[in-house]
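Trainee: This is the content of structure27.pdb (PDB, C-alpha atoms):
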```pdb
ATOM      1  CA  MET A   9     107.250  71.985 240.101  1.00  0.00           C
ATOM      2  CA  GLN A  10     104.104  69.933 239.831  1.00  0.00           C
ATOM      3  CA  PRO A  11     104.675  66.473 238.336  1.00  0.00           C
ATOM      4  CA  ASP A  12     101.337  66.582 236.553  1.00  0.00           C
ATOM      5  CA  GLN A  13     102.436  69.724 234.720  1.00  0.00           C
ATOM      6  CA  GLU A  14     105.381  67.863 233.287  1.00  0.00           C
ATOM      7  CA  THR A  15     102.998  65.176 232.097  1.00  0.00           C
ATOM      8  CA  VAL A  16     100.600  67.682 230.574  1.00  0.00           C
ATOM      9  CA  ALA A  17     103.374  69.426 228.635  1.00  0.00           C
ATOM     10  CA  GLU A  18     104.711  66.123 227.368  1.00  0.00           C
ATOM     11  CA  GLN A  19     101.257  65.024 226.217  1.00  0.00           C
ATOM     12  CA  VAL A  20     100.660  68.306 224.403  1.00  0.00           C
ATOM     13  CA  PHE A  21     103.952  68.174 222.540  1.00  0.00           C
ATOM     14  CA  THR A  22     103.439  64.498 221.675  1.00  0.00           C
ATOM     15  CA  ALA A  23      99.965  65.288 220.338  1.00  0.00           C
ATOM     16  CA  LEU A  24     101.284  68.223 218.297  1.00  0.00           C
ATOM     17  CA  ALA A  25     104.123  66.168 216.843  1.00  0.00           C
ATOM     18  CA  ASP A  26     101.638  64.357 214.591  1.00  0.00           C
ATOM     19  CA  PRO A  27     100.590  66.277 211.434  1.00  0.00           C
ATOM     20  CA  THR A  28      97.126  64.707 211.330  1.00  0.00           C
ATOM     21  CA  ARG A  29      96.391  65.745 214.912  1.00  0.00           C
ATOM     22  CA  ARG A  30      97.775  69.208 214.226  1.00  0.00           C
ATOM     23  CA  SER A  31      95.366  69.566 211.305  1.00  0.00           C
ATOM     24  CA  LEU A  32      92.418  68.448 213.473  1.00  0.00           C
ATOM     25  CA  LEU A  33      93.333  70.960 216.203  1.00  0.00           C
ATOM     26  CA  ALA A  34      93.912  73.681 213.614  1.00  0.00           C
ATOM     27  CA  ASP A  35      90.477  73.037 212.102  1.00  0.00           C
ATOM     28  CA  LEU A  36      88.766  73.184 215.521  1.00  0.00           C
ATOM     29  CA  ALA A  37      90.652  76.402 216.304  1.00  0.00           C
ATOM     30  CA  ALA A  38      89.639  77.963 212.987  1.00  0.00           C
ATOM     31  CA  HIS A  39      86.006  76.821 212.785  1.00  0.00           C
ATOM     32  CA  GLY A  40      84.871  75.986 216.293  1.00  0.00           C
ATOM     33  CA  PRO A  41      83.291  72.782 217.628  1.00  0.00           C
ATOM     34  CA  ALA A  42      82.712  70.060 215.037  1.00  0.00           C
ATOM     35  CA  THR A  43      81.636  66.428 214.793  1.00  0.00           C
ATOM     36  CA  ALA A  44      84.013  63.702 213.617  1.00  0.00           C
ATOM     37  CA  THR A  45      81.979  63.581 210.393  1.00  0.00           C
ATOM     38  CA  ASP A  46      82.417  67.338 209.831  1.00  0.00           C
ATOM     39  CA  LEU A  47      86.162  66.969 210.271  1.00  0.00           C
ATOM     40  CA  ALA A  48      86.407  63.942 207.962  1.00  0.00           C
ATOM     41  CA  THR A  49      84.499  65.886 205.318  1.00  0.00           C
ATOM     42  CA  ARG A  50      86.668  68.983 205.531  1.00  0.00           C
ATOM     43  CA  LEU A  51      90.067  67.311 205.885  1.00  0.00           C
ATOM     44  CA  PRO A  52      91.840  64.626 203.822  1.00  0.00           C
ATOM     45  CA  ILE A  53      91.518  62.172 206.695  1.00  0.00           C
ATOM     46  CA  SER A  54      89.300  59.074 206.892  1.00  0.00           C
ATOM     47  CA  ARG A  55      86.370  59.086 209.303  1.00  0.00           C
ATOM     48  CA  GLN A  56      87.979  56.163 211.132  1.00  0.00           C
ATOM     49  CA  ALA A  57      91.311  57.967 211.533  1.00  0.00           C
ATOM     50  CA  VAL A  58      89.544  61.123 212.722  1.00  0.00           C
ATOM     51  CA  GLY A  59      87.806  59.090 215.418  1.00  0.00           C
ATOM     52  CA  LYS A  60      91.027  57.472 216.552  1.00  0.00           C
ATOM     53  CA  HIS A  61      92.897  60.784 216.798  1.00  0.00           C
ATOM     54  CA  LEU A  62      90.007  62.583 218.523  1.00  0.00           C
ATOM     55  CA  ALA A  63      89.937  59.828 221.150  1.00  0.00           C
ATOM     56  CA  LEU A  64      93.635  60.344 221.805  1.00  0.00           C
ATOM     57  CA  LEU A  65      93.233  64.134 221.949  1.00  0.00           C
ATOM     58  CA  ALA A  66      90.324  63.736 224.372  1.00  0.00           C
ATOM     59  CA  ASP A  67      92.405  61.405 226.570  1.00  0.00           C
ATOM     60  CA  VAL A  68      95.038  64.108 227.041  1.00  0.00           C
ATOM     61  CA  GLY A  69      92.458  66.873 227.470  1.00  0.00           C
ATOM     62  CA  LEU A  70      93.139  68.840 224.289  1.00  0.00           C
ATOM     63  CA  VAL A  71      89.586  68.369 223.071  1.00  0.00           C
ATOM     64  CA  ALA A  72      86.372  67.660 224.967  1.00  0.00           C
ATOM     65  CA  ALA A  73      83.298  65.889 223.660  1.00  0.00           C
ATOM     66  CA  GLU A  74      80.119  67.861 224.222  1.00  0.00           C
ATOM     67  CA  PRO A  75      77.186  65.851 225.549  1.00  0.00           C
ATOM     68  CA  GLY A  76      74.972  64.611 222.748  1.00  0.00           C
ATOM     69  CA  GLU A  77      73.705  61.723 220.692  1.00  0.00           C
ATOM     70  CA  ARG A  78      76.579  59.458 219.670  1.00  0.00           C
ATOM     71  CA  ARG A  79      76.824  60.306 215.960  1.00  0.00           C
ATOM     72  CA  ARG A  80      76.223  64.013 216.620  1.00  0.00           C
ATOM     73  CA  VAL A  81      78.815  64.491 219.364  1.00  0.00           C
ATOM     74  CA  ARG A  82      80.728  67.688 218.767  1.00  0.00           C
ATOM     75  CA  TYR A  83      84.350  68.129 219.850  1.00  0.00           C
ATOM     76  CA  ARG A  84      85.727  71.416 221.038  1.00  0.00           C
ATOM     77  CA  LEU A  85      89.221  72.639 221.877  1.00  0.00           C
ATOM     78  CA  ARG A  86      90.324  72.865 225.478  1.00  0.00           C
ATOM     79  CA  SER A  87      92.937  75.535 226.102  1.00  0.00           C
ATOM     80  CA  ALA A  88      94.168  74.511 229.559  1.00  0.00           C
ATOM     81  CA  PRO A  89      96.820  71.990 228.441  1.00  0.00           C
ATOM     82  CA  MET A  90      97.996  74.433 225.767  1.00  0.00           C
ATOM     83  CA  ARG A  91      98.563  77.067 228.439  1.00  0.00           C
ATOM     84  CA  THR A  92     100.703  74.675 230.420  1.00  0.00           C
ATOM     85  CA  ALA A  93     102.774  73.871 227.333  1.00  0.00           C
ATOM     86  CA  GLN A  94     102.967  77.587 226.570  1.00  0.00           C
ATOM     87  CA  GLN A  95     104.653  78.202 229.924  1.00  0.00           C
ATOM     88  CA  PHE A  96     107.398  75.826 228.854  1.00  0.00           C
ATOM     89  CA  LEU A  97     107.807  77.601 225.525  1.00  0.00           C
ATOM     90  CA  ALA A  98     107.793  80.975 227.278  1.00  0.00           C
ATOM     91  CA  ALA A  99     110.730  79.970 229.463  1.00  0.00           C
ATOM     92  CA  LEU A 100     112.677  78.904 226.385  1.00  0.00           C
ATOM     93  CA  SER A 101     111.903  82.077 224.456  1.00  0.00           C
ATOM     94  CA  ARG A 102     112.710  84.736 227.083  1.00  0.00           C
ATOM     95  CA  ASP A 103     116.163  85.252 225.524  1.00  0.00           C
ATOM     96  CA  TRP A 104     117.979  86.747 228.509  1.00  0.00           C
ATOM     97  CA  ASP A 105     121.271  85.997 226.726  1.00  0.00           C
ATOM     98  CA  GLY A 106     120.361  88.379 223.909  1.00  0.00           C
ATOM     99  CA  ARG A 107     118.982  91.018 226.264  1.00  0.00           C
ATOM    100  CA  LEU A 108     122.020  90.996 228.549  1.00  0.00           C
ATOM    101  CA  ASP A 109     124.277  91.238 225.485  1.00  0.00           C
ATOM    102  CA  ALA A 110     122.301  94.312 224.435  1.00  0.00           C
ATOM    103  CA  LEU A 111     122.537  95.821 227.935  1.00  0.00           C
ATOM    104  CA  THR A 112     126.281  95.227 228.144  1.00  0.00           C
ATOM    105  CA  ALA A 113     126.822  96.675 224.676  1.00  0.00           C
ATOM    106  CA  HIS A 114     124.693  99.722 225.536  1.00  0.00           C
ATOM    107  CA  LEU A 115     126.609 100.442 228.750  1.00  0.00           C
ATOM    108  CA  GLU A 116     130.082  99.819 227.404  1.00  0.00           C
ATOM    109  CA  GLU A 117     129.774 101.710 224.133  1.00  0.00           C
ATOM    110  CA  GLU A 118     129.388 104.966 226.084  1.00  0.00           C
ATOM    111  CA  PRO A 119     132.411 106.416 227.903  1.00  0.00           C
TER     112      PRO A 119
ATOM    113  CA  MET B   8     111.880  66.855 229.593  1.00  0.00           C
ATOM    114  CA  GLY B   9     112.258  69.106 232.657  1.00  0.00           C
ATOM    115  CA  PHE B  10     109.950  72.071 233.099  1.00  0.00           C
ATOM    116  CA  PRO B  11     112.119  75.132 233.800  1.00  0.00           C
ATOM    117  CA  ASP B  12     110.691  77.270 236.589  1.00  0.00           C
ATOM    118  CA  ARG B  13     113.768  79.455 236.974  1.00  0.00           C
ATOM    119  CA  ILE B  14     116.148  81.221 234.615  1.00  0.00           C
ATOM    120  CA  GLU B  15     119.371  82.696 235.958  1.00  0.00           C
ATOM    121  CA  ARG B  16     122.201  84.553 234.238  1.00  0.00           C
ATOM    122  CA  THR B  17     125.179  86.533 235.524  1.00  0.00           C
ATOM    123  CA  VAL B  18     127.249  88.972 233.483  1.00  0.00           C
ATOM    124  CA  GLU B  19     130.148  91.270 234.306  1.00  0.00           C
ATOM    125  CA  VAL B  20     129.718  94.822 233.104  1.00  0.00           C
ATOM    126  CA  ALA B  21     132.659  97.283 232.965  1.00  0.00           C
ATOM    127  CA  ARG B  22     130.581 100.102 234.446  1.00  0.00           C
ATOM    128  CA  PRO B  23     129.820 100.914 238.097  1.00  0.00           C
ATOM    129  CA  PRO B  24     126.494  99.854 239.703  1.00  0.00           C
ATOM    130  CA  ALA B  25     125.028 103.384 239.488  1.00  0.00           C
ATOM    131  CA  ARG B  26     125.315 103.313 235.678  1.00  0.00           C
ATOM    132  CA  VAL B  27     123.815  99.842 235.443  1.00  0.00           C
ATOM    133  CA  TRP B  28     121.041 100.879 237.827  1.00  0.00           C
ATOM    134  CA  ALA B  29     120.100 103.784 235.533  1.00  0.00           C
ATOM    135  CA  ALA B  30     119.962 101.471 232.528  1.00  0.00           C
ATOM    136  CA  LEU B  31     117.582  99.131 234.411  1.00  0.00           C
ATOM    137  CA  THR B  32     115.281 101.606 236.125  1.00  0.00           C
ATOM    138  CA  THR B  33     114.800 104.629 233.851  1.00  0.00           C
ATOM    139  CA  ALA B  34     112.666 104.978 230.744  1.00  0.00           C
ATOM    140  CA  GLU B  35     115.711 106.273 228.846  1.00  0.00           C
ATOM    141  CA  GLY B  36     117.799 103.267 229.834  1.00  0.00           C
ATOM    142  CA  LEU B  37     115.146 100.588 229.298  1.00  0.00           C
ATOM    143  CA  GLY B  38     114.172 102.139 225.983  1.00  0.00           C
ATOM    144  CA  THR B  39     117.708 101.718 224.718  1.00  0.00           C
ATOM    145  CA  TRP B  40     118.558  98.072 225.354  1.00  0.00           C
ATOM    146  CA  PHE B  41     115.298  96.355 226.400  1.00  0.00           C
ATOM    147  CA  GLY B  42     112.508  97.865 224.330  1.00  0.00           C
ATOM    148  CA  GLN B  43     112.564 100.469 221.616  1.00  0.00           C
ATOM    149  CA  GLN B  44     110.573 102.692 223.952  1.00  0.00           C
ATOM    150  CA  ALA B  45     109.817 102.358 227.636  1.00  0.00           C
ATOM    151  CA  THR B  46     107.967 104.018 230.479  1.00  0.00           C
ATOM    152  CA  ILE B  47     108.391 103.339 234.189  1.00  0.00           C
ATOM    153  CA  ASP B  48     106.864 104.603 237.408  1.00  0.00           C
ATOM    154  CA  LEU B  49     109.702 103.704 239.744  1.00  0.00           C
ATOM    155  CA  ARG B  50     107.974 102.816 242.998  1.00  0.00           C
ATOM    156  CA  PRO B  51     106.659  99.500 244.359  1.00  0.00           C
ATOM    157  CA  GLY B  52     103.439  98.734 242.471  1.00  0.00           C
ATOM    158  CA  GLY B  53     104.315 101.291 239.786  1.00  0.00           C
ATOM    159  CA  ALA B  54     103.457 100.501 236.184  1.00  0.00           C
ATOM    160  CA  GLY B  55     105.841 100.232 233.278  1.00  0.00           C
ATOM    161  CA  THR B  56     105.694  99.459 229.576  1.00  0.00           C
ATOM    162  CA  LEU B  57     108.176  98.152 227.046  1.00  0.00           C
ATOM    163  CA  SER B  58     107.399  98.738 223.375  1.00  0.00           C
ATOM    164  CA  TRP B  59     108.782  97.329 220.167  1.00  0.00           C
ATOM    165  CA  GLU B  60     107.633  97.891 216.609  1.00  0.00           C
ATOM    166  CA  GLU B  61     105.227  94.962 216.600  1.00  0.00           C
ATOM    167  CA  HIS B  62     104.109  94.625 220.207  1.00  0.00           C
ATOM    168  CA  HIS B  63     104.392  95.924 223.723  1.00  0.00           C
ATOM    169  CA  THR B  64     104.267  94.475 227.199  1.00  0.00           C
ATOM    170  CA  ASP B  65     103.361  95.838 230.595  1.00  0.00           C
ATOM    171  CA  PHE B  66     105.222  95.214 233.799  1.00  0.00           C
ATOM    172  CA  ARG B  67     104.774  96.134 237.454  1.00  0.00           C
ATOM    173  CA  VAL B  68     107.607  97.326 239.662  1.00  0.00           C
ATOM    174  CA  GLU B  69     107.832  95.135 242.767  1.00  0.00           C
ATOM    175  CA  ARG B  70     111.120  95.761 244.547  1.00  0.00           C
ATOM    176  CA  ILE B  71     113.530  98.713 244.649  1.00  0.00           C
ATOM    177  CA  GLU B  72     116.723  98.774 246.714  1.00  0.00           C
ATOM    178  CA  GLU B  73     118.866 101.297 244.894  1.00  0.00           C
ATOM    179  CA  PRO B  74     121.396 100.460 243.543  1.00  0.00           C
ATOM    180  CA  HIS B  75     121.366  96.765 244.468  1.00  0.00           C
ATOM    181  CA  VAL B  76     118.017  95.116 243.722  1.00  0.00           C
ATOM    182  CA  PHE B  77     115.352  95.855 241.133  1.00  0.00           C
ATOM    183  CA  GLY B  78     112.412  93.467 240.712  1.00  0.00           C
ATOM    184  CA  PHE B  79     109.314  93.463 238.519  1.00  0.00           C
ATOM    185  CA  THR B  80     106.592  91.060 237.407  1.00  0.00           C
ATOM    186  CA  TRP B  81     105.230  90.640 233.900  1.00  0.00           C
ATOM    187  CA  ARG B  82     102.994  88.321 231.955  1.00  0.00           C
ATOM    188  CA  ILE B  83     103.998  84.985 230.533  1.00  0.00           C
ATOM    189  CA  TYR B  84     104.341  85.465 226.801  1.00  0.00           C
ATOM    190  CA  GLY B  85     101.644  83.682 224.808  1.00  0.00           C
ATOM    191  CA  LEU B  86      99.099  83.336 227.598  1.00  0.00           C
ATOM    192  CA  PRO B  87      95.787  85.178 227.198  1.00  0.00           C
ATOM    193  CA  ASP B  88      95.415  88.696 228.615  1.00  0.00           C
ATOM    194  CA  ASP B  89      93.117  87.485 231.395  1.00  0.00           C
ATOM    195  CA  ASP B  90      95.504  84.820 232.638  1.00  0.00           C
ATOM    196  CA  PRO B  91      96.649  85.863 236.127  1.00  0.00           C
ATOM    197  CA  ARG B  92      99.994  84.099 236.017  1.00  0.00           C
ATOM    198  CA  ARG B  93     103.043  86.365 236.015  1.00  0.00           C
ATOM    199  CA  THR B  94     106.740  85.687 236.323  1.00  0.00           C
ATOM    200  CA  TYR B  95     109.023  87.633 238.664  1.00  0.00           C
ATOM    201  CA  VAL B  96     112.253  89.121 237.344  1.00  0.00           C
ATOM    202  CA  GLU B  97     114.890  90.298 239.791  1.00  0.00           C
ATOM    203  CA  PHE B  98     118.144  92.055 238.934  1.00  0.00           C
ATOM    204  CA  THR B  99     120.905  92.034 241.555  1.00  0.00           C
ATOM    205  CA  LEU B 100     123.855  94.411 241.212  1.00  0.00           C
ATOM    206  CA  GLU B 101     127.143  93.881 243.044  1.00  0.00           C
ATOM    207  CA  ALA B 102     130.233  96.075 242.719  1.00  0.00           C
ATOM    208  CA  ALA B 103     133.077  94.052 241.184  1.00  0.00           C
ATOM    209  CA  GLY B 104     136.284  96.052 240.921  1.00  0.00           C
ATOM    210  CA  ALA B 105     135.496  99.086 238.778  1.00  0.00           C
ATOM    211  CA  GLY B 106     132.508  97.328 237.260  1.00  0.00           C
ATOM    212  CA  THR B 107     129.360  95.461 238.245  1.00  0.00           C
ATOM    213  CA  ARG B 108     128.402  91.831 238.555  1.00  0.00           C
ATOM    214  CA  LEU B 109     124.794  91.756 237.345  1.00  0.00           C
ATOM    215  CA  THR B 110     122.564  88.747 237.991  1.00  0.00           C
ATOM    216  CA  VAL B 111     119.070  88.323 236.606  1.00  0.00           C
ATOM    217  CA  VAL B 112     116.722  85.651 237.931  1.00  0.00           C
ATOM    218  CA  GLU B 113     113.282  85.048 236.443  1.00  0.00           C
ATOM    219  CA  THR B 114     111.001  82.628 238.287  1.00  0.00           C
ATOM    220  CA  GLY B 115     107.434  81.382 238.044  1.00  0.00           C
ATOM    221  CA  PHE B 116     107.195  79.596 234.709  1.00  0.00           C
ATOM    222  CA  ALA B 117     106.034  76.370 236.340  1.00  0.00           C
ATOM    223  CA  GLN B 118     103.264  77.840 238.504  1.00  0.00           C
ATOM    224  CA  LEU B 119      99.844  76.244 238.372  1.00  0.00           C
ATOM    225  CA  GLY B 120      97.102  77.955 236.450  1.00  0.00           C
ATOM    226  CA  PRO B 121      93.602  78.441 237.788  1.00  0.00           C
ATOM    227  CA  GLU B 122      92.138  76.048 235.226  1.00  0.00           C
ATOM    228  CA  GLN B 123      93.970  73.156 236.813  1.00  0.00           C
ATOM    229  CA  HIS B 124      91.893  73.561 239.955  1.00  0.00           C
ATOM    230  CA  GLU B 125      88.679  73.333 238.004  1.00  0.00           C
ATOM    231  CA  SER B 126      86.908  70.232 236.789  1.00  0.00           C
ATOM    232  CA  SER B 127      87.993  68.804 233.485  1.00  0.00           C
ATOM    233  CA  PHE B 128      84.985  70.206 231.712  1.00  0.00           C
ATOM    234  CA  GLY B 129      83.428  72.955 233.820  1.00  0.00           C
ATOM    235  CA  GLY B 130      86.000  75.706 233.676  1.00  0.00           C
ATOM    236  CA  ASN B 131      87.431  74.786 230.346  1.00  0.00           C
ATOM    237  CA  VAL B 132      84.549  75.280 228.011  1.00  0.00           C
ATOM    238  CA  LYS B 133      85.208  78.975 228.344  1.00  0.00           C
ATOM    239  CA  GLY B 134      86.681  80.478 225.271  1.00  0.00           C
ATOM    240  CA  TRP B 135      85.235  82.158 222.258  1.00  0.00           C
ATOM    241  CA  ALA B 136      82.074  80.051 222.042  1.00  0.00           C
ATOM    242  CA  ALA B 137      81.140  80.760 225.658  1.00  0.00           C
ATOM    243  CA  GLU B 138      82.066  84.424 225.378  1.00  0.00           C
ATOM    244  CA  LEU B 139      80.050  84.785 222.196  1.00  0.00           C
ATOM    245  CA  ASP B 140      77.113  83.148 223.956  1.00  0.00           C
ATOM    246  CA  GLU B 141      77.443  85.731 226.722  1.00  0.00           C
ATOM    247  CA  LEU B 142      77.582  88.514 224.190  1.00  0.00           C
ATOM    248  CA  VAL B 143      74.482  87.243 222.430  1.00  0.00           C
ATOM    249  CA  ALA B 144      72.634  86.997 225.745  1.00  0.00           C
ATOM    250  CA  HIS B 145      73.785  90.466 226.722  1.00  0.00           C
ATOM    251  CA  LEU B 146      72.644  91.985 223.440  1.00  0.00           C
ATOM    252  CA  ALA B 147      69.289  90.182 223.571  1.00  0.00           C
ATOM    253  CA  ALA B 148      68.554  91.295 227.151  1.00  0.00           C
TER     254      ALA B 148
END
```
Please express the file's structure as C-alpha cells.

Mentor:
Amino acid sequence: MQPDQETVAEQVFTALADPTRRSLLADLAAHGPATATDLATRLPISRQAVGKHLALLADVGLVAAEPGERRRVRYRLRSAPMRTAQQFLAALSRDWDGRLDALTAHLEEEP
Amino acid sequence: MGFPDRIERTVEVARPPARVWAALTTAEGLGTWFGQQATIDLRPGGAGTLSWEEHHTDFRVERIEEPHVFGFTWRIYGLPDDDPRRTYVEFTLEAAGAGTRLTVVETGFAQLGPEQHESSFGGNVKGWAAELDELVAHLAA
C-alpha cells in the first residue's frame, strides 16, 4: 500500500464529486484538448469558473496544461490518476460473494 | 478511505474437494458458475477465457496443486488493455468433514502502475491524441 495512491484516489473522487468538474472532464474526454475559452463557450459555465476548476483539476493531475501562450493554453486529460481510482473501484466490483454463491449453488444442486 | 489490496472469502461447500476442484479447473465447471462459457489450458502459464453475453476476460493459470491450490492472474477491470497490472486469484481447498472449506484470496489491487514512475507530464500525454499522431506519421511515411 503506497500512501500516495490513497491520496490520488481521494483527490480523484473529490474532483468527480462536483458536477461542474465532471462536465469539464466529460467534455475533454469527448472532444480532446481544449482551452478554457473553448470550454466556457461549449458548457453553461462562466469563463472564470472554468479557470478555477481547471486549476484545481491540474493541481491533482487530472488535466495538464500544454505549453503555449497564456490565453491559448490547451488542457488535456491525464489518465494516470483515473487508473489509480479505477483500481479501487475494481476491488469493490469483483463480487466474490455473488460468484461463490453461484459456485455453491452449482455444486449442491447436483447429487 | 482505505485502499483494498486484498479480498478474502471462505465458504463451506457440501461436496468433496475433488468435485470443487473440477468446478474450478475445467471449462465445463467454469462455464457453469463463473462465465457463461469458459476455456482453460490447465498448466502453469496456460491461457483461459471466461465469456458472458456482453464481454469476456482472459486469465492465465499460475499455480496448480490438485486438489488443494489453484491460482490464476487476470486483468484489473476497467484498466486499458495495455496496462500490465494484473491481480492474482488463489483458491485453496481443504477437506472439511464430507465437504470442502473453500477460500479465495485476490491480491494486487493496490499495486503501482508504470505511469507513477514517469514524470508528471512525459509519460502521461499518451492517449488517443498521441496515438493518432503516431498513426498520422506512420501513414505519411

Trainee: How close does each residue of chain A get to chain B, giving the shortest atom pair and distance in Å to one decimal for every residue with an atom at most 6 Å away, counting all atoms listed in the file, sorted by chain and residue number, as CSV?

Mentor:
```
residue,atom,partner,partner_atom,distance
A:Met9,CA,B:Ala117,CA,5.9
A:Arg86,CA,B:Asn131,CA,6.0
A:Gln95,CA,B:Phe116,CA,5.6
A:Ala98,CA,B:Tyr84,CA,5.7
A:Ala110,CA,B:Trp40,CA,5.4
A:Leu111,CA,B:Trp40,CA,5.2
```

Trainee: Take CA of Pro75 (chain A) and CA of Ala44 (chain A) and report the distance between them in Å, one decimal.

Mentor: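 CA of Pro75 (chain A) sits 13.9 Å away from CA of Ala44 (chain A).
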
Trainee: Could you check how far CA of Asp105 (chain A) sits from CA of Thr80 (chain B), in Å to one decimal?

Mentor: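 A separation of 18.8 Å between them.
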
Trainee: Translate the PyMOL selection byres ((chain A and resi 21) around 12), as applied to the file shown, into an explicit residue set as a PyMOL selection string.

Mentor: (chain A and resi 14-20+22-27+29-30+65+68+70+89-94+96-97) or (chain B and resi 8)

Trainee: Quick one, how far is CA of Asp88 (chain B) from CA of His39 (chain A)?

Mentor: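 Here the two named atoms are 21.9 Å from each other.
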
Trainee: Ala66 (chain A): which residues within 10 Å, counting only C-alpha atoms, same-chain residues fewer than 5 positions away excluded, as a compact mmCIF listing (two decimals) with C-alpha atoms, in the frame of the given file?

Mentor:
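As a result, part24.txt now contains:
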```txt
# COMPACT_ATOMS: atom_id res chain seq x y z
CA HIS A 61 92.90 60.78 216.80
CA VAL A 71 89.59 68.37 223.07
CA ALA A 72 86.37 67.66 224.97
CA ALA A 73 83.30 65.89 223.66
CA TYR A 83 84.35 68.13 219.85
CA ARG A 84 85.73 71.42 221.04
CA LEU A 85 89.22 72.64 221.88
CA ARG A 86 90.32 72.86 225.48
```

Trainee: Which of these, A:Pro119, A:Thr112, A:Arg82, A:Lys60, has the shortest distance to Ala42 (chain A) once you count only C-alpha atoms?

Mentor: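 Ranking A:Pro119, A:Thr112, A:Arg82, A:Lys60 by distance to Ala42 (chain A), first place goes to A:Arg82.
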
Trainee: With the file shown as input, list the residues that the PyMOL selection byres ((chain A and resi 47-56) around 9) selects, as number ranges by chain.

Mentor: A: 28, 31-32, 35-36, 42-46, 57-61

Trainee: For a cutoff of 8 Å around the file-coordinate point (114.2, 92.6, 243.4), which residues qualify once you count all atoms listed in the file? I'd like the result as a PyMOL selection string.

Mentor: chain B and resi 69-72+76-79+96-99

Trainee: Could you dump the residues just selected with C-alpha atoms as a compact mmCIF listing (two decimals), in the frame of the given file?

Mentor:
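Generated output (result.txt):
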```txt
# COMPACT_ATOMS: atom_id res chain seq x y z
CA GLU B 69 107.83 95.14 242.77
CA ARG B 70 111.12 95.76 244.55
CA ILE B 71 113.53 98.71 244.65
CA GLU B 72 116.72 98.77 246.71
CA VAL B 76 118.02 95.12 243.72
CA PHE B 77 115.35 95.86 241.13
CA GLY B 78 112.41 93.47 240.71
CA PHE B 79 109.31 93.46 238.52
CA VAL B 96 112.25 89.12 237.34
CA GLU B 97 114.89 90.30 239.79
CA PHE B 98 118.14 92.06 238.93
CA THR B 99 120.90 92.03 241.56
```

Trainee: Using the file's own x, y and z axes, what box holds all listed atoms of region 88-107 of chain A with 8 Å on each side, keeping edges along x, y and z, and what are its centre and edge lengths in Å to one decimal, as lines of an AutoDock Vina configuration file?

Mentor:
```
center_x = 107.7
center_y = 81.5
center_z = 227.2
size_x = 43.1
size_y = 35.0
size_z = 22.5
```

Trainee: Using all atoms listed in the file, can you tell me which of B:His145, B:Trp81, B:Glu73, B:Pro24 comes closest to Gly52 (chain B)?

Mentor: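 Closest residue, counting all atoms listed in the file: B:Trp81.
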
Trainee: What lies within 9 Å of Trp59 (chain B) using only C-alpha atoms, ignoring chain neighbours under 5 positions off, as a PyMOL selection string?

Mentor: chain B and resi 42-44+64
